[in-house]
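Reviewing the structure listed below.
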Amino acid sequence: MGDFVKYQALGNDYLIVEPRGGSTALGTEPAPEAVRLLCDRHLGAGADGLLFGPLDAPRPGAAAALRIFNADGSECGMSGNGLRMFALYLGEHYVREWRTGTPFTVRTPSGEAEVRITDIADGRVCVDMGRARFAVGGGADGGGAATTVVPLAGTGPDAEVSVTDLHLGVPHTVVLRDTIDGELVRRLGPTLAWHPRRPEGTNVEFVRVHDDRTLDIAVWERAAGAVPASGSGACAAAAVARARGLVGPEVTVRMPGGEVEVSVAGDGRISSVGTAREVMTGVLSRSLLKELAQWGSTSDEPSGRRGT
């Protein structure tokens, strides 16, 4: 195995780097500058983010520790697609038992998540995302999913936008629309992601209800901008649509990068099934390793936990 392995899920790509044994140039505490360089598509290996783990040799019965970093160097508490890629990586490279559908646990800074490889050949992985926490307050309420009217600069139909805020590992803001397109995402995405009412930032999902079993969504992530897909974003969209009675408990969420199957149980617990696959294994050059080493394993710049 080289210095990193790249995986992708629905068009999102992550570098997987192992800190075990001190063999990585990132040390045990990745500096934001080093993460940015590795994820840079011109100067580094190129990716939407970095999966840092496992910290210990993975084995049956023990949780596998994972930290998730965005391409901008910030730390991310949870990523549905990231968990899918990491789970498949562990099954393909380490524990044979996990290749046959045996559930196992991945521990992130936001908590533990149960994952299960349902089809190793097709790279299908089920991820338990836990329960969504809806924001308190707002206007009309649908099963706890309160609506807030957000004033935006300017005039016209988007001078005010109705949104639903929730937390699912990271903060999300869901916008229900009759139609969605790239222009809408580029126009409203960054404004809502960093609106003054959400100083920590939020991921924004623009959602169209196709029917009671299907959602179409487009995503603007606070740390990455427009992305082809988001595992946690798909779950956030399904949670809001289900709370409002717009869809049933089993939903297909379609995104530009592909689709995932999301289940919202009666107790509010959310799980999703989607695919991932390995793209490449890479070896870093001596010159890049030397550049990474200048930052060591710490940095004065706090990484925070905001991202996707």
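To be explicit about the labels: the chains of the structure tokens are called A, B, and onward in the order shown, and within each one the residues are counted from 1, while ligands get numbers from 1 in the order they are shown.
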
query = What's the 7 Å shell around stretch 282-286 of chain A, counting only C-alpha atoms, without same-chain residues fewer than 3 positions away, as a PyMOL selection string?
reply = chain A and resi 2-5+289-290

With N, CA, C and O atoms retained, could you export that selection as a PDB file, in the first residue's frame?
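This is the output file out-v3.pdb:
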```
ATOM      1  N   GLY A   2       0.448   2.277  -0.711  1.00  0.00           N
ATOM      2  CA  GLY A   2       1.247   3.492  -0.799  1.00  0.00           C
ATOM      3  C   GLY A   2       0.998   4.441   0.350  1.00  0.00           C
ATOM      4  O   GLY A   2       0.557   4.043   1.439  1.00  0.00           O
ATOM      5  N   ASP A   3       1.254   5.718   0.105  1.00  0.00           N
ATOM      6  CA  ASP A   3       1.077   6.733   1.146  1.00  0.00           C
ATOM      7  C   ASP A   3      -0.390   7.107   1.345  1.00  0.00           C
ATOM      8  O   ASP A   3      -0.764   7.627   2.386  1.00  0.00           O
ATOM      9  N   PHE A   4      -1.205   6.878   0.315  1.00  0.00           N
ATOM     10  CA  PHE A   4      -2.635   7.163   0.437  1.00  0.00           C
ATOM     11  C   PHE A   4      -3.403   6.266  -0.519  1.00  0.00           C
ATOM     12  O   PHE A   4      -2.855   5.691  -1.455  1.00  0.00           O
ATOM     13  N   VAL A   5      -4.701   6.138  -0.240  1.00  0.00           N
ATOM     14  CA  VAL A   5      -5.626   5.461  -1.141  1.00  0.00           C
ATOM     15  C   VAL A   5      -6.758   6.431  -1.417  1.00  0.00           C
ATOM     16  O   VAL A   5      -7.261   7.085  -0.485  1.00  0.00           O
ATOM     17  N   LEU A 289       6.655  15.352   0.138  1.00  0.00           N
ATOM     18  CA  LEU A 289       6.818  14.963   1.539  1.00  0.00           C
ATOM     19  C   LEU A 289       7.615  16.008   2.311  1.00  0.00           C
ATOM     20  O   LEU A 289       7.309  16.317   3.466  1.00  0.00           O
ATOM     21  N   LYS A 290       8.632  16.569   1.665  1.00  0.00           N
ATOM     22  CA  LYS A 290       9.440  17.604   2.309  1.00  0.00           C
ATOM     23  C   LYS A 290       8.606  18.841   2.584  1.00  0.00           C
ATOM     24  O   LYS A 290       8.707  19.469   3.649  1.00  0.00           O
TER      25      LYS A 290
END
```

Within 12 Å of A:Val35 using only C-alpha atoms, minus same-chain residues under 5 positions, as a PDB file with C-alpha atoms, in the first residue's frame:
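Output below, filename part.pdb:
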```pdb
ATOM      1  CA  TYR A  14     -11.464  11.430  -0.472  1.00  0.00           C
ATOM      2  CA  LEU A  15      -7.872  10.516   0.274  1.00  0.00           C
ATOM      3  CA  ILE A  16      -7.460   7.901   3.001  1.00  0.00           C
ATOM      4  CA  VAL A  17      -4.269   8.352   5.012  1.00  0.00           C
ATOM      5  CA  ALA A  25       4.030  12.874   6.883  1.00  0.00           C
ATOM      6  CA  LEU A  26       0.880  14.253   8.515  1.00  0.00           C
ATOM      7  CA  GLY A  27       1.885  12.920  11.921  1.00  0.00           C
ATOM      8  CA  GLU A  29      -2.476  15.804  14.213  1.00  0.00           C
ATOM      9  CA  PRO A  30      -2.830  16.941  10.581  1.00  0.00           C
ATOM     10  CA  ASP A  40      -5.213  20.552  -3.923  1.00  0.00           C
ATOM     11  CA  ARG A  41      -6.038  19.282  -7.429  1.00  0.00           C
ATOM     12  CA  LEU A  43      -0.381  20.980  -6.332  1.00  0.00           C
ATOM     13  CA  GLY A  44      -1.229  17.767  -4.483  1.00  0.00           C
ATOM     14  CA  ALA A  45      -3.046  14.477  -4.951  1.00  0.00           C
ATOM     15  CA  GLY A  46      -6.426  16.205  -5.311  1.00  0.00           C
ATOM     16  CA  ALA A  47      -9.634  15.390  -3.418  1.00  0.00           C
ATOM     17  CA  ASP A  48     -12.731  16.822  -1.760  1.00  0.00           C
ATOM     18  CA  GLY A  49     -11.305  15.865   1.611  1.00  0.00           C
ATOM     19  CA  LEU A  50      -9.147  13.541   3.667  1.00  0.00           C
ATOM     20  CA  LEU A  51     -10.076  10.542   5.829  1.00  0.00           C
ATOM     21  CA  PHE A  52      -7.515  10.136   8.609  1.00  0.00           C
ATOM     22  CA  ILE A  68     -12.559  13.666   8.546  1.00  0.00           C
ATOM     23  CA  PHE A  69     -11.036  16.779   7.016  1.00  0.00           C
ATOM     24  CA  ASN A  70     -12.335  19.024   4.262  1.00  0.00           C
ATOM     25  CA  ALA A  71     -10.179  20.197   1.385  1.00  0.00           C
ATOM     26  CA  ASP A  72      -9.850  23.620   3.051  1.00  0.00           C
ATOM     27  CA  GLY A  73      -8.156  22.025   6.093  1.00  0.00           C
ATOM     28  CA  SER A  74     -11.126  22.291   8.462  1.00  0.00           C
ATOM     29  CA  GLU A  75     -12.246  19.220  10.387  1.00  0.00           C
ATOM     30  CA  GLU A 291       6.876  20.363   1.821  1.00  0.00           C
ATOM     31  CA  LEU A 292       4.377  18.579   4.062  1.00  0.00           C
ATOM     32  CA  ALA A 293       7.024  18.075   6.746  1.00  0.00           C
ATOM     33  CA  TRP A 295       4.209  22.043   9.011  1.00  0.00           C
ATOM     34  CA  GLY A 296       4.879  19.059  11.243  1.00  0.00           C
ATOM     35  CA  SER A 297       1.903  17.639  13.100  1.00  0.00           C
ATOM     36  CA  THR A 298       0.533  20.839  14.621  1.00  0.00           C
ATOM     37  CA  SER A 299      -0.450  24.307  13.492  1.00  0.00           C
ATOM     38  CA  SER A 303      -9.021  23.456  12.160  1.00  0.00           C
TER      39      SER A 303
END
```

request  = Enumerate the residues of stretch 123-288 of chain A with a DSSP assignment of strand (DSSP E), computed from the backbone, and present them as a PyMOL selection string.
outcome  = chain A and resi 124-131+133-134+141-142+145-146+148-151+160-168+170-176+203-211+214-221+225-227+250-255+258-264+269-275+277-282

task = Would you list the contacts of A:Val150 as a list in words, taking every protein, DNA or RNA residue within 8 Å and counting only C-alpha atoms, but skipping same-chain residues closer than 2 positions in sequence?
result = Thr148, Leu152, Glu160, Val161, Ser162 and Val163 of chain A

Got time to write the residues from that selection, N, CA and C atoms, as a PDB file, in the first residue's frame?
```pdb
ATOM      1  N   THR A 148     -38.302  28.489   9.064  1.00  0.00           N
ATOM      2  CA  THR A 148     -37.836  29.839   9.365  1.00  0.00           C
ATOM      3  C   THR A 148     -37.749  30.622   8.060  1.00  0.00           C
ATOM      4  N   LEU A 152     -33.061  37.900   2.773  1.00  0.00           N
ATOM      5  CA  LEU A 152     -31.822  38.011   2.017  1.00  0.00           C
ATOM      6  C   LEU A 152     -31.728  39.386   1.391  1.00  0.00           C
ATOM      7  N   GLU A 160     -36.857  36.712   0.394  1.00  0.00           N
ATOM      8  CA  GLU A 160     -37.050  35.900   1.589  1.00  0.00           C
ATOM      9  C   GLU A 160     -37.102  34.439   1.168  1.00  0.00           C
ATOM     10  N   VAL A 161     -36.466  33.582   1.962  1.00  0.00           N
ATOM     11  CA  VAL A 161     -36.435  32.152   1.657  1.00  0.00           C
ATOM     12  C   VAL A 161     -36.856  31.372   2.892  1.00  0.00           C
ATOM     13  N   SER A 162     -37.804  30.455   2.726  1.00  0.00           N
ATOM     14  CA  SER A 162     -38.233  29.591   3.825  1.00  0.00           C
ATOM     15  C   SER A 162     -37.310  28.383   3.910  1.00  0.00           C
ATOM     16  N   VAL A 163     -36.780  28.136   5.101  1.00  0.00           N
ATOM     17  CA  VAL A 163     -35.816  27.056   5.282  1.00  0.00           C
ATOM     18  C   VAL A 163     -36.165  26.246   6.525  1.00  0.00           C
TER      19      VAL A 163
END
```

ask   = Which residues come within 8 Å of stretch 97-107 of chain A, counting only C-alpha atoms, excluding same-chain residues fewer than 5 positions away, as a VMD selection string?
value = chain A and resid 60 to 66 83 87 90 to 92 112 to 120

Restricted to C-alpha atoms, what would the selected residues look like written as a PDB file, in the first residue's frame?
```pdb
ATOM      1  CA  PRO A  60     -13.561  -7.362  14.802  1.00  0.00           C
ATOM      2  CA  GLY A  61     -15.409  -6.157  17.876  1.00  0.00           C
ATOM      3  CA  ALA A  62     -13.554  -2.845  18.156  1.00  0.00           C
ATOM      4  CA  ALA A  63     -14.577   0.556  16.814  1.00  0.00           C
ATOM      5  CA  ALA A  64     -12.361   1.980  14.063  1.00  0.00           C
ATOM      6  CA  ALA A  65     -11.398   5.582  14.795  1.00  0.00           C
ATOM      7  CA  LEU A  66     -11.776   8.116  11.979  1.00  0.00           C
ATOM      8  CA  LEU A  83     -18.156   6.867   6.210  1.00  0.00           C
ATOM      9  CA  ALA A  87     -16.046   1.329   5.716  1.00  0.00           C
ATOM     10  CA  LEU A  90     -11.529  -1.328   5.938  1.00  0.00           C
ATOM     11  CA  GLY A  91     -13.436  -4.277   4.499  1.00  0.00           C
ATOM     12  CA  GLU A  92     -11.388  -4.456   1.321  1.00  0.00           C
ATOM     13  CA  GLU A 112     -20.176   6.457  16.711  1.00  0.00           C
ATOM     14  CA  ALA A 113     -21.870   5.201  13.560  1.00  0.00           C
ATOM     15  CA  GLU A 114     -22.754   1.618  12.692  1.00  0.00           C
ATOM     16  CA  VAL A 115     -21.850   0.642   9.131  1.00  0.00           C
ATOM     17  CA  ARG A 116     -22.403  -2.518   7.112  1.00  0.00           C
ATOM     18  CA  ILE A 117     -21.031  -3.578   3.732  1.00  0.00           C
ATOM     19  CA  THR A 118     -24.079  -5.078   2.028  1.00  0.00           C
ATOM     20  CA  ASP A 119     -22.384  -5.976  -1.284  1.00  0.00           C
ATOM     21  CA  ILE A 120     -18.583  -5.949  -1.446  1.00  0.00           C
TER      22      ILE A 120
END
```

message = DSSP on the backbone: which residues in stretch 72-258 of chain A end up as helix (DSSP H, G or I)? Give the answer as a PyMOL selection string.
response = chain A and resi 80-93+96-100+182-193+231-243

inquiry  = Which residue is closest to A:His172? Choose from A:Tyr89, A:Phe134, A:Tyr94, A:Tyr7 and count only C-alpha atoms.
reply    = A:Phe134

Any chance you could tabulate, as a tab-separated table, the residues of stretch 5-43 of chain A at most 10 Å from stretch 217-234 of chain A with each one's nearest atom pair and distance in Å to one decimal, using only C-alpha atoms, in chain and rising number order?
```
residue	atom	partner	partner_atom	distance
A:Ala9	CA	A:Ala229	CA	8.3
A:Leu10	CA	A:Ala229	CA	6.0
A:Gly11	CA	A:Pro228	CA	5.9
A:Asn12	CA	A:Ala229	CA	6.6
```

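You will find atom CA of A:Ser110 at 15.0 Å from atom CA of A:Gly53.
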
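By chain and then residue number, the residues within 10 Å of A:Trp194 are Gly189, Pro199, Glu200, Gly201, Thr202, Asn203, Val204 and Arg222 of chain A, counting only C-alpha atoms and disregarding those fewer than 5 positions away in sequence.
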
Keeping only N, CA and C atoms, write the selected residues as an mmCIF file, in the first residue's frame.
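Result written to out-v6.cif:
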```cif
data_model
loop_
_atom_site.group_PDB
_atom_site.id
_atom_site.type_symbol
_atom_site.label_atom_id
_atom_site.label_comp_id
_atom_site.auth_asym_id
_atom_site.auth_seq_id
_atom_site.Cartn_x
_atom_site.Cartn_y
_atom_site.Cartn_z
ATOM 1 N N GLY A 189 -26.869 29.379 -2.558
ATOM 2 C CA GLY A 189 -26.081 28.490 -1.721
ATOM 3 C C GLY A 189 -25.109 29.197 -0.800
ATOM 4 N N PRO A 199 -23.513 31.637 12.090
ATOM 5 C CA PRO A 199 -22.103 32.051 12.022
ATOM 6 C C PRO A 199 -21.124 30.893 11.880
ATOM 7 N N GLU A 200 -21.523 29.694 12.317
ATOM 8 C CA GLU A 200 -20.641 28.534 12.180
ATOM 9 C C GLU A 200 -20.716 27.933 10.780
ATOM 10 N N GLY A 201 -21.648 28.446 9.970
ATOM 11 C CA GLY A 201 -21.844 27.912 8.636
ATOM 12 C C GLY A 201 -22.796 26.733 8.636
ATOM 13 N N THR A 202 -23.367 26.440 7.487
ATOM 14 C CA THR A 202 -24.292 25.316 7.363
ATOM 15 C C THR A 202 -24.245 24.782 5.943
ATOM 16 N N ASN A 203 -24.504 23.503 5.789
ATOM 17 C CA ASN A 203 -24.638 22.912 4.464
ATOM 18 C C ASN A 203 -26.069 23.098 3.989
ATOM 19 N N VAL A 204 -26.238 23.453 2.736
ATOM 20 C CA VAL A 204 -27.554 23.802 2.218
ATOM 21 C C VAL A 204 -28.000 22.764 1.194
ATOM 22 N N ARG A 222 -20.712 24.193 2.979
ATOM 23 C CA ARG A 222 -20.068 25.397 3.487
ATOM 24 C C ARG A 222 -18.564 25.386 3.265
#
```
